[in-house]
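Source file: start00.pdb; contents: PDB, C-alpha atoms.
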```pdb
ATOM      1  CA  MET A  23       1.196  -5.921  24.069
ATOM      2  CA  SER A  24      -1.739  -4.336  22.304
ATOM      3  CA  GLY A  25      -3.329  -5.561  19.112
ATOM      4  CA  SER A  26      -3.723  -3.964  15.711
ATOM      5  CA  TRP A  27      -7.505  -4.048  15.654
ATOM      6  CA  ARG A  28      -9.873  -1.187  16.402
ATOM      7  CA  SER A  29     -11.436  -1.362  19.833
ATOM      8  CA  SER A  30     -14.833  -0.577  18.293
ATOM      9  CA  ASP A  31     -14.663  -3.897  16.420
ATOM     10  CA  LEU A  32     -14.295  -5.839  19.670
ATOM     11  CA  PRO A  33     -15.681  -3.600  22.379
ATOM     12  CA  ASN A  34     -15.718  -6.323  25.042
ATOM     13  CA  LEU A  35     -11.957  -6.804  24.980
ATOM     14  CA  ASN A  36     -10.037  -5.046  27.711
ATOM     15  CA  ASP A  37      -6.575  -5.300  29.221
ATOM     16  CA  GLY A  38      -7.755  -7.806  31.770
ATOM     17  CA  ASN A  39      -9.525 -10.353  29.587
ATOM     18  CA  HIS A  40      -7.185 -11.105  26.718
ATOM     19  CA  LYS A  41      -3.585 -11.533  25.690
ATOM     20  CA  VAL A  42      -2.056 -11.096  22.228
ATOM     21  CA  THR A  43      -0.171 -14.250  21.286
ATOM     22  CA  SER A  44       1.109 -13.658  17.763
ATOM     23  CA  GLN A  45       2.009 -11.074  15.178
ATOM     24  CA  PRO A  46      -0.639 -10.056  12.606
ATOM     25  CA  SER A  47      -0.777 -12.525   9.736
ATOM     26  CA  ASP A  48      -2.680 -13.122   6.524
ATOM     27  CA  ASP A  49      -1.392 -16.688   6.291
ATOM     28  CA  TYR A  50      -4.405 -18.165   8.072
ATOM     29  CA  ASN A  51      -7.693 -17.120   9.571
ATOM     30  CA  CYS A  52      -9.950 -17.998  12.466
ATOM     31  CA  LEU A  53     -11.654 -20.874  10.674
ATOM     32  CA  ALA A  54      -8.309 -22.605  10.134
ATOM     33  CA  TRP A  55      -6.979 -21.657  13.549
ATOM     34  CA  ALA A  56     -10.012 -23.095  15.348
ATOM     35  CA  ALA A  57      -9.321 -26.437  13.664
ATOM     36  CA  GLY A  58      -5.648 -26.247  14.657
ATOM     37  CA  SER A  59      -4.148 -25.120  11.343
ATOM     38  CA  ASP A  60      -2.008 -22.077  10.615
ATOM     39  CA  GLU A  61      -1.144 -22.835   6.998
ATOM     40  CA  LYS A  62      -4.100 -21.656   4.936
ATOM     41  CA  TRP A  63      -6.829 -19.044   4.792
ATOM     42  CA  TRP A  64     -10.105 -20.982   4.823
ATOM     43  CA  ASP A  65     -12.944 -19.258   3.017
ATOM     44  CA  PRO A  66     -15.784 -20.140   0.644
ATOM     45  CA  HIS A  67     -14.430 -17.749  -2.002
ATOM     46  CA  PRO A  68     -13.138 -19.750  -5.001
ATOM     47  CA  ASP A  69      -9.534 -18.549  -4.536
ATOM     48  CA  TYR A  70      -9.231 -19.816  -0.984
ATOM     49  CA  PHE A  71      -9.063 -23.167   0.742
ATOM     50  CA  TRP A  72     -12.357 -24.929   1.199
ATOM     51  CA  PRO A  73     -12.752 -28.695   1.600
ATOM     52  CA  ASP A  74     -13.704 -30.634  -1.491
ATOM     53  CA  GLY A  75     -17.382 -31.396  -1.803
ATOM     54  CA  LEU A  76     -18.479 -28.599   0.515
ATOM     55  CA  ASP A  77     -20.685 -25.784  -0.779
ATOM     56  CA  ARG A  78     -18.697 -22.582  -1.160
ATOM     57  CA  LYS A  79     -21.205 -20.664   0.887
ATOM     58  CA  ALA A  80     -21.061 -18.919   4.265
ATOM     59  CA  SER A  81     -24.079 -20.409   5.979
ATOM     60  CA  VAL A  82     -24.510 -21.983   9.375
ATOM     61  CA  GLU A  83     -25.272 -25.357   7.774
ATOM     62  CA  VAL A  84     -22.130 -25.264   5.682
ATOM     63  CA  PHE A  85     -19.984 -24.253   8.647
ATOM     64  CA  VAL A  86     -21.300 -27.231  10.615
ATOM     65  CA  GLN A  87     -20.332 -29.470   7.693
ATOM     66  CA  LEU A  88     -16.937 -27.758   7.463
ATOM     67  CA  TYR A  89     -16.036 -28.762  10.993
ATOM     68  CA  GLN A  90     -17.712 -32.143  10.728
ATOM     69  CA  LYS A  91     -15.148 -32.847   8.035
ATOM     70  CA  GLU A  92     -12.539 -32.065  10.693
ATOM     71  CA  GLY A  93     -14.095 -34.531  13.110
ATOM     72  CA  PHE A  94     -16.195 -32.143  15.173
ATOM     73  CA  GLU A  95     -19.834 -32.601  16.117
ATOM     74  CA  VAL A  96     -22.256 -30.119  17.570
ATOM     75  CA  CYS A  97     -22.241 -30.292  21.373
ATOM     76  CA  ILE A  98     -23.860 -28.589  24.325
ATOM     77  CA  GLY A  99     -21.891 -25.887  26.070
ATOM     78  CA  GLY A 100     -18.349 -24.611  25.956
ATOM     79  CA  LEU A 101     -17.047 -25.906  29.262
ATOM     80  CA  PRO A 102     -13.849 -27.982  29.149
ATOM     81  CA  GLU A 103     -14.368 -31.737  28.979
ATOM     82  CA  GLU A 104     -11.585 -34.226  29.514
ATOM     83  CA  GLY A 105     -10.417 -35.727  26.234
ATOM     84  CA  PHE A 106     -12.325 -33.332  23.976
ATOM     85  CA  GLU A 107     -11.402 -30.286  21.962
ATOM     86  CA  LYS A 108     -14.099 -27.681  21.645
ATOM     87  CA  ILE A 109     -14.732 -24.801  19.314
ATOM     88  CA  ALA A 110     -17.277 -22.000  19.390
ATOM     89  CA  ILE A 111     -18.940 -20.768  16.203
ATOM     90  CA  TYR A 112     -20.041 -17.146  16.194
ATOM     91  CA  ALA A 113     -22.731 -15.609  14.025
ATOM     92  CA  ARG A 114     -24.590 -12.379  13.602
ATOM     93  CA  ASP A 115     -27.895 -11.518  12.017
ATOM     94  CA  SER A 116     -27.897 -11.239   8.248
ATOM     95  CA  ALA A 117     -28.753  -7.885   6.685
ATOM     96  CA  ASP A 118     -32.446  -8.802   6.391
ATOM     97  CA  GLY A 119     -32.486 -10.164   9.930
ATOM     98  CA  LYS A 120     -33.986 -13.454   8.768
ATOM     99  CA  LYS A 121     -31.013 -15.730   9.307
ATOM    100  CA  LYS A 122     -27.664 -15.977  11.028
ATOM    101  CA  THR A 123     -24.422 -15.528   9.131
ATOM    102  CA  PRO A 124     -21.393 -17.314  10.605
ATOM    103  CA  THR A 125     -18.546 -14.900  11.265
ATOM    104  CA  HIS A 126     -15.900 -16.403  13.503
ATOM    105  CA  ALA A 127     -14.618 -19.496  15.262
ATOM    106  CA  ALA A 128     -12.629 -19.792  18.476
ATOM    107  CA  ARG A 129     -10.942 -22.810  20.082
ATOM    108  CA  LEU A 130     -11.014 -23.807  23.743
ATOM    109  CA  LEU A 131      -7.598 -24.234  25.347
ATOM    110  CA  ASP A 132      -6.704 -26.672  28.097
ATOM    111  CA  SER A 133      -6.461 -23.711  30.446
ATOM    112  CA  GLY A 134     -10.167 -23.026  29.964
ATOM    113  CA  GLU A 135      -9.382 -19.873  28.005
ATOM    114  CA  TRP A 136     -10.167 -19.473  24.319
ATOM    115  CA  THR A 137      -7.920 -18.707  21.393
ATOM    116  CA  SER A 138      -9.007 -16.662  18.388
ATOM    117  CA  LYS A 139      -7.340 -15.473  15.216
ATOM    118  CA  LEU A 140      -8.774 -12.020  14.570
ATOM    119  CA  GLY A 141      -9.105 -11.863  10.794
ATOM    120  CA  PRO A 142      -5.835 -10.515   9.379
ATOM    121  CA  CYS A 143      -4.819  -9.284  12.836
ATOM    122  CA  GLU A 144      -3.225 -11.220  15.685
ATOM    123  CA  ASP A 145      -4.063 -14.401  17.593
ATOM    124  CA  ILE A 146      -5.302 -13.772  21.092
ATOM    125  CA  THR A 147      -6.259 -15.818  24.097
ATOM    126  CA  HIS A 148      -9.414 -14.560  25.726
ATOM    127  CA  ALA A 149     -10.846 -15.493  29.063
ATOM    128  CA  THR A 150     -14.391 -16.147  27.903
ATOM    129  CA  VAL A 151     -16.179 -16.641  24.600
ATOM    130  CA  ASP A 152     -18.100 -13.410  24.994
ATOM    131  CA  ALA A 153     -14.907 -11.349  25.094
ATOM    132  CA  VAL A 154     -15.041 -11.180  21.287
ATOM    133  CA  HIS A 155     -18.783 -10.655  21.036
ATOM    134  CA  GLY A 156     -19.641  -7.444  19.220
ATOM    135  CA  PRO A 157     -20.607  -5.867  15.929
ATOM    136  CA  ARG A 158     -18.119  -7.850  13.883
ATOM    137  CA  TYR A 159     -18.600 -11.371  15.164
ATOM    138  CA  GLY A 160     -22.018 -11.194  16.763
ATOM    139  CA  GLU A 161     -22.365 -13.865  19.438
ATOM    140  CA  VAL A 162     -21.650 -17.547  19.923
ATOM    141  CA  LEU A 163     -24.294 -19.536  18.121
ATOM    142  CA  PHE A 164     -23.206 -23.080  18.987
ATOM    143  CA  TYR A 165     -20.318 -25.251  20.092
ATOM    144  CA  MET A 166     -18.712 -28.280  18.496
ATOM    145  CA  SER A 167     -16.332 -30.860  19.948
ATOM    146  CA  ARG A 168     -14.129 -33.717  18.826
ATOM    147  CA  LEU A 169     -11.902 -36.221  20.496
ATOM    148  CA  LYS A 170      -8.654 -34.550  21.361
ATOM    149  CA  ARG A 171      -5.708 -35.095  19.073
ATOM    150  CA  ASP A 172      -2.264 -33.541  19.035
ATOM    151  CA  LEU A 173      -2.285 -30.042  17.638
ATOM    152  CA  LYS A 174       1.178 -30.298  16.246
ATOM    153  CA  PRO A 175       2.899 -27.110  15.161
ATOM    154  CA  SER A 176       2.585 -27.053  11.401
ATOM    155  CA  THR A 177       5.276 -26.130   8.917
ATOM    156  CA  LYS A 178       4.454 -23.211   6.720
ATOM    157  CA  SER A 179       5.211 -23.661   3.070
TER
ATOM    158  CA  MET B  14      10.365   4.326  -9.810
ATOM    159  CA  PHE B  15       6.840   2.980 -10.130
ATOM    160  CA  ASP B  16       7.591  -0.035  -7.938
ATOM    161  CA  TRP B  17       9.251   2.249  -5.461
ATOM    162  CA  ILE B  18       6.235   4.522  -5.268
ATOM    163  CA  VAL B  19       3.848   1.651  -4.726
ATOM    164  CA  SER B  20       5.971   0.029  -2.049
ATOM    165  CA  THR B  21       6.462   3.197  -0.018
ATOM    166  CA  GLN B  22       4.266   4.578   2.701
ATOM    167  CA  PRO B  23       1.511   6.857   1.372
ATOM    168  CA  TYR B  24       2.524   9.911   3.412
ATOM    169  CA  PHE B  25       5.981   9.795   1.925
ATOM    170  CA  VAL B  26       4.574   9.338  -1.548
ATOM    171  CA  VAL B  27       2.319  12.339  -1.076
ATOM    172  CA  GLY B  28       5.370  14.427  -0.196
ATOM    173  CA  VAL B  29       7.262  13.263  -3.243
ATOM    174  CA  ALA B  30       4.300  13.780  -5.508
ATOM    175  CA  CYS B  31       3.670  17.295  -4.280
ATOM    176  CA  SER B  32       7.314  18.185  -4.813
ATOM    177  CA  PHE B  33       7.153  16.701  -8.244
ATOM    178  CA  LEU B  34       4.089  18.648  -9.234
ATOM    179  CA  VAL B  35       5.581  21.885  -7.968
ATOM    180  CA  ILE B  36       8.790  21.151  -9.806
ATOM    181  CA  GLY B  37       6.761  20.288 -12.860
ATOM    182  CA  ASP B  38       4.999  23.645 -12.784
ATOM    183  CA  ASN B  39       8.271  25.455 -12.263
ATOM    184  CA  VAL B  40       9.850  23.658 -15.181
ATOM    185  CA  LEU B  41       6.887  24.516 -17.315
ATOM    186  CA  THR B  42       7.094  28.191 -16.359
ATOM    187  CA  LEU B  43      10.835  28.467 -16.878
ATOM    188  CA  GLU B  44      10.854  26.551 -20.138
ATOM    189  CA  ALA B  45       7.905  28.458 -21.471
ATOM    190  CA  ALA B  46       9.625  31.727 -20.670
ATOM    191  CA  ALA B  47      12.949  30.683 -22.168
ATOM    192  CA  VAL B  48      11.508  29.232 -25.366
ATOM    193  CA  PRO B  49       8.360  31.232 -26.003
ATOM    194  CA  GLU B  50       7.876  29.991 -29.540
ATOM    195  CA  LYS B  51       7.536  26.393 -28.365
ATOM    196  CA  PRO B  52       3.917  25.338 -27.702
ATOM    197  CA  ALA B  53       3.381  25.052 -23.975
ATOM    198  CA  TYR B  54       1.416  21.815 -24.197
ATOM    199  CA  VAL B  55       4.425  19.970 -25.599
ATOM    200  CA  ILE B  56       6.545  21.020 -22.671
ATOM    201  CA  ALA B  57       3.740  20.195 -20.267
ATOM    202  CA  GLN B  58       3.035  16.766 -21.703
ATOM    203  CA  PHE B  59       5.575  14.765 -19.696
ATOM    204  CA  PRO B  60       4.830  16.219 -16.239
ATOM    205  CA  VAL B  61       1.081  15.944 -16.772
ATOM    206  CA  VAL B  62       1.236  12.277 -17.768
ATOM    207  CA  MET B  63       3.461  11.448 -14.823
ATOM    208  CA  ALA B  64       1.212  13.368 -12.489
ATOM    209  CA  GLU B  65      -1.732  11.195 -13.483
ATOM    210  CA  GLU B  66       0.218   8.026 -12.685
ATOM    211  CA  LEU B  67       1.391   9.460  -9.413
ATOM    212  CA  GLN B  68      -2.051  10.618  -8.469
ATOM    213  CA  ARG B  69      -3.408   7.154  -9.219
ATOM    214  CA  ALA B  70      -0.660   5.572  -7.124
ATOM    215  CA  ILE B  71      -1.374   7.947  -4.264
ATOM    216  CA  ARG B  72      -5.086   7.254  -4.558
ATOM    217  CA  PHE B  73      -4.396   3.526  -4.482
ATOM    218  CA  GLN B  74      -2.276   3.787  -1.338
ATOM    219  CA  THR B  75      -4.888   5.932   0.367
ATOM    220  CA  LEU B  76      -7.577   3.383  -0.484
ATOM    221  CA  ARG B  77      -5.336   0.560   0.758
ATOM    222  CA  GLU B  78      -4.974   2.282   4.129
ATOM    223  CA  GLN B  79      -8.708   2.965   4.257
ATOM    224  CA  TRP B  80      -9.432  -0.649   3.397
ATOM    225  CA  HIS B  81      -7.288  -1.897   6.274
ATOM    226  CA  ILE B  82      -9.392   0.150   8.646
ATOM    227  CA  GLU B  83     -12.688  -0.863   7.060
ATOM    228  CA  ARG B  84     -12.018  -4.598   6.986
ATOM    229  CA  GLY B  85     -11.270  -4.718  10.703
ATOM    230  CA  VAL B  86     -11.109  -8.201  12.187
ATOM    231  CA  THR B  87     -13.254  -9.992   9.648
ATOM    232  CA  SER B  88     -11.947 -13.215   8.206
ATOM    233  CA  SER B  89     -14.608 -13.376   5.501
ATOM    234  CA  ILE B  90     -13.179 -12.627   2.075
ATOM    235  CA  GLN B  91     -16.643 -11.635   0.895
ATOM    236  CA  GLU B  92     -16.934  -9.077   3.674
ATOM    237  CA  MET B  93     -13.315  -7.972   3.517
ATOM    238  CA  CYS B  94     -13.341  -7.378  -0.235
ATOM    239  CA  THR B  95     -16.664  -5.608  -0.512
ATOM    240  CA  THR B  96     -15.797  -2.630   1.649
ATOM    241  CA  PRO B  97     -16.101   0.788  -0.042
ATOM    242  CA  ALA B  98     -12.340   1.287  -0.359
ATOM    243  CA  TYR B  99     -11.676  -2.152  -1.815
ATOM    244  CA  LEU B 100     -14.552  -1.837  -4.262
ATOM    245  CA  THR B 101     -13.223   1.545  -5.334
ATOM    246  CA  ILE B 102      -9.936  -0.132  -6.206
ATOM    247  CA  VAL B 103     -11.806  -2.812  -8.143
ATOM    248  CA  GLY B 104     -13.765  -0.051  -9.831
ATOM    249  CA  MET B 105     -10.558   1.455 -11.152
ATOM    250  CA  GLY B 106     -10.532  -1.524 -13.467
ATOM    251  CA  LYS B 107      -7.485  -2.152 -15.607
ATOM    252  CA  LEU B 108      -5.931   1.120 -14.477
ATOM    253  CA  ALA B 109      -5.507  -0.521 -11.071
ATOM    254  CA  LEU B 110      -3.853  -3.605 -12.487
ATOM    255  CA  PRO B 111      -0.243  -2.317 -12.568
ATOM    256  CA  LEU B 112      -0.721  -0.927  -9.063
ATOM    257  CA  LEU B 113      -2.112  -4.195  -7.733
ATOM    258  CA  ILE B 114       0.679  -6.237  -9.265
ATOM    259  CA  ALA B 115       3.370  -3.840  -8.050
ATOM    260  CA  GLN B 116       1.809  -3.818  -4.584
ATOM    261  CA  LEU B 117       1.656  -7.607  -4.491
ATOM    262  CA  ARG B 118       5.266  -7.812  -5.650
ATOM    263  CA  SER B 119       6.358  -5.360  -2.969
ATOM    264  CA  GLU B 120       4.709  -7.432  -0.243
ATOM    265  CA  GLY B 121       6.988 -10.411  -0.853
ATOM    266  CA  ASP B 122       6.125 -13.370   1.370
ATOM    267  CA  LYS B 123       3.497 -11.376   3.286
ATOM    268  CA  PRO B 124       0.930 -10.800   0.524
ATOM    269  CA  ASP B 125      -2.326  -9.044   1.194
ATOM    270  CA  HIS B 126      -5.726 -10.083  -0.148
ATOM    271  CA  TRP B 127      -5.504  -8.620  -3.639
ATOM    272  CA  PHE B 128      -6.619 -11.820  -5.349
ATOM    273  CA  PHE B 129     -10.304 -10.936  -5.274
ATOM    274  CA  ALA B 130      -9.604  -7.647  -7.073
ATOM    275  CA  LEU B 131      -7.249  -9.248  -9.567
ATOM    276  CA  ARG B 132      -9.786 -11.921 -10.442
ATOM    277  CA  CYS B 133     -12.604  -9.349 -10.750
ATOM    278  CA  ILE B 134     -10.591  -7.092 -13.027
ATOM    279  CA  THR B 135      -8.942  -9.687 -15.247
ATOM    280  CA  GLY B 136     -11.229 -12.702 -15.083
ATOM    281  CA  ALA B 137      -8.088 -14.815 -14.810
ATOM    282  CA  ASP B 138      -7.727 -17.685 -12.362
ATOM    283  CA  PRO B 139      -4.033 -18.594 -12.156
ATOM    284  CA  ILE B 140      -4.077 -20.218  -8.712
ATOM    285  CA  ALA B 141      -3.588 -23.982  -8.752
ATOM    286  CA  PRO B 142      -6.243 -25.886  -6.782
ATOM    287  CA  GLU B 143      -3.672 -27.206  -4.320
ATOM    288  CA  ASP B 144      -2.450 -23.658  -3.607
ATOM    289  CA  LYS B 145      -5.822 -22.153  -2.769
ATOM    290  CA  GLY B 146      -5.633 -20.486   0.631
ATOM    291  CA  ARG B 147      -1.826 -20.526   0.687
ATOM    292  CA  MET B 148      -1.233 -16.821   0.447
ATOM    293  CA  THR B 149       2.382 -16.815  -0.655
ATOM    294  CA  LYS B 150       1.741 -19.351  -3.387
ATOM    295  CA  MET B 151      -1.369 -17.481  -4.495
ATOM    296  CA  ALA B 152       0.704 -14.320  -4.816
ATOM    297  CA  LYS B 153       3.399 -16.146  -6.775
ATOM    298  CA  ALA B 154       0.778 -17.504  -9.171
ATOM    299  CA  TRP B 155      -0.546 -14.008  -9.860
ATOM    300  CA  LEU B 156       2.932 -12.535 -10.274
ATOM    301  CA  ALA B 157       3.813 -15.299 -12.733
ATOM    302  CA  TRP B 158       0.571 -14.552 -14.577
ATOM    303  CA  ALA B 159       1.513 -10.852 -14.675
ATOM    304  CA  ASP B 160       4.958 -11.661 -16.018
ATOM    305  CA  GLU B 161       3.331 -13.651 -18.814
ATOM    306  CA  GLN B 162       1.127 -10.674 -19.680
ATOM    307  CA  GLY B 163       4.167  -8.415 -20.043
ATOM    308  CA  ASP B 164       3.448  -4.792 -20.847
ATOM    309  CA  ASN B 165      -0.300  -5.310 -20.577
ATOM    310  CA  VAL B 166      -0.129  -5.038 -16.802
ATOM    311  CA  ARG B 167       2.749  -2.586 -16.438
TER
END
```

Could I get this file's structure written as structure tokens?
Amino acid sequence: MSGSWRSSDLPNLNDGNHKVTSQPSDDYNCLAWAAGSDEKWWDPHPDYFWPDGLDRKASVEVFVQLYQKEGFEVCIGGLPEEGFEKIAIYARDSADGKKKTPTHAARLLDSGEWTSKLGPCEDITHATVDAVHGPRYGEVLFYMSRLKRDLKPSTKS
Amino acid sequence: MFDWIVSTQPYFVVGVACSFLVIGDNVLTLEAAAVPEKPAYVIAQFPVVMAEELQRAIRFQTLREQWHIERGVTSSIQEMCTTPAYLTIVGMGKLALPLLIAQLRSEGDKPDHWFFALRCITGADPIAPEDKGRMTKMAKAWLAWADEQGDNVR
């Protein structure tokens, strides 16, 4: 099953390092999916979901706070740890090259693979975090973890 | 017919539009020949007006397709809605409004990210705080807003 994205967006993906696991959807995005939600599109824009009290701004600091509100804390490394969920936050250089702009989040699965929602395209599992490195997402900037809790399938409204 | 045009694939619309324009020219030629005393511009008025709407609808669908390519896999609304194609739609201003609403209506429970453009063009903010990020509810809020506006957005 091949995805609906352009290969130039994610040049590191190949047949051997990922699997498409959903249909394309605009119901949710990577930020929600990394936190275990498939009900809302999370974005700082005023029309979209963003936690109360959090600056509506796409900065590394704000993204840390976003996931802290979900119980995550910054951690070292993306290797599986018993009892913990982990996410990877990706960023690329801003236009002026002076700071990093967060672009994407992926979630570590029990299998040791990662799951990503690719914008409005599909969900995929990918073998390593760097499989989605590239011009769109940049590279992993840091990892966060929280104590594992059930990721129950949510009901879409 | 307008809803139908907006909800159909662009290639098909192009075909229909081209046929229409050719038919329009033919009608103009035949009518002008049959009733020479009638001013040509009166006969031409209807096809020309329709052609503008069709051309705008075709342009919109072309930009929509282009936008889907340009936005790629980004999940950032800022990035997604500031691509050249999307900004061109926004730049159409109120002329794009009927197209945006018809497009949103045609998408049913799978709405696309037209909210940024709608807000930019109208300045309205009909989405309830608890519905922010819930795409289907966001679309319903905008369609209800459009219904309230009546002919202003048709």

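With CA of Gln68 (chain B) on one side and CA of Gly136 (chain B) on the other, the separation reads 25.9 Å.
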
Which residues of chain B come within 9 Å of chain A, and what is each one's closest atom pair and distance in Å (one decimal), counting only C-alpha atoms, sorted by chain and residue number, as CSV?
```
residue,atom,partner,partner_atom,distance
B:Ile82,CA,A:Arg28,CA,7.9
B:Arg84,CA,A:Gly141,CA,8.7
B:Gly85,CA,A:Trp27,CA,6.3
B:Val86,CA,A:Gly141,CA,4.4
B:Thr87,CA,A:Gly141,CA,4.7
B:Ser88,CA,A:Gly141,CA,4.1
B:Ser89,CA,A:Asp65,CA,6.6
B:Ile90,CA,A:His67,CA,6.7
B:Gln91,CA,A:His67,CA,7.1
B:Lys123,CA,A:Asp48,CA,7.2
B:Pro124,CA,A:Asp48,CA,7.4
B:Asp125,CA,A:Asp48,CA,6.7
B:His126,CA,A:Asp48,CA,7.9
B:Phe128,CA,A:Asp69,CA,7.4
B:Phe129,CA,A:Asp69,CA,7.7
B:Arg132,CA,A:Asp69,CA,8.9
B:Asp138,CA,A:Asp69,CA,8.1
B:Ile140,CA,A:Asp69,CA,7.1
B:Pro142,CA,A:Asp69,CA,8.3
B:Glu143,CA,A:Phe71,CA,8.4
B:Asp144,CA,A:Phe71,CA,7.9
B:Lys145,CA,A:Tyr70,CA,4.5
B:Gly146,CA,A:Tyr70,CA,4.0
B:Arg147,CA,A:Lys62,CA,4.9
B:Met148,CA,A:Asp49,CA,5.8
B:Thr149,CA,A:Asp49,CA,7.9
B:Lys150,CA,A:Ser179,CA,8.5
B:Met151,CA,A:Asp69,CA,8.2
```

For region 67-86 of chain A, I'd like the enclosing box, axis-aligned and padded by 4 Å on every side, reported as AutoDock Vina command-line options with centre and edge lengths in Å to one decimal.
```
--center_x -17.2 --center_y -24.6 --center_z 2.8 --size_x 24.2 --size_y 21.6 --size_z 23.6
```

Determine, counting all atoms listed in the file, which protein, DNA and RNA residues have an atom within 10 Å of an atom of region 86-91 of chain A; residues of the same chain fewer than 4 positions away are not included. Present the result as a compact mmCIF listing (two decimals) with C-alpha atoms, in the coordinates of the input.
```txt
# COMPACT_ATOMS: atom_id res chain seq x y z
CA LEU A 53 -11.65 -20.87 10.67
CA ALA A 54 -8.31 -22.60 10.13
CA ALA A 56 -10.01 -23.10 15.35
CA ALA A 57 -9.32 -26.44 13.66
CA TRP A 64 -10.10 -20.98 4.82
CA TRP A 72 -12.36 -24.93 1.20
CA PRO A 73 -12.75 -28.70 1.60
CA ASP A 74 -13.70 -30.63 -1.49
CA GLY A 75 -17.38 -31.40 -1.80
CA LEU A 76 -18.48 -28.60 0.52
CA ASP A 77 -20.68 -25.78 -0.78
CA SER A 81 -24.08 -20.41 5.98
CA VAL A 82 -24.51 -21.98 9.38
CA GLU A 95 -19.83 -32.60 16.12
CA VAL A 96 -22.26 -30.12 17.57
CA ILE A 109 -14.73 -24.80 19.31
CA ILE A 111 -18.94 -20.77 16.20
CA PRO A 124 -21.39 -17.31 10.60
CA PHE A 164 -23.21 -23.08 18.99
CA TYR A 165 -20.32 -25.25 20.09
CA MET A 166 -18.71 -28.28 18.50
CA SER A 167 -16.33 -30.86 19.95
CA ARG A 168 -14.13 -33.72 18.83
```

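Between CA of Pro139 (chain B) and CA of Gln74 (chain B) the separation is 24.9 Å.
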
*Could you state which residues are captured by the PyMOL selection byres ((chain B and resi 156) around 12) in this file, as an MDAnalysis selection string?*
chainID B and resid 110:111 113:121 124 127:128 131 139:140 149:155 157:163 166:167

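The coordinates place CA of Val154 (chain A) at 11.5 Å from CA of Ala113 (chain A).
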
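Residues selected in this file by the PyMOL selection byres ((chain A and resi 138) around 7) comprise Cys52, Ala128, Arg129, Trp136, Thr137, Lys139, Leu140, Asp145, Ile146 and Thr147 of chain A.
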
*Excluding Leu101 (chain A) and any residue of its chain fewer than 3 positions from it, enumerate the residues within 9 Å of it, using all atoms listed in the file, and give them as number ranges by chain.*
A: 98, 108, 130, 134
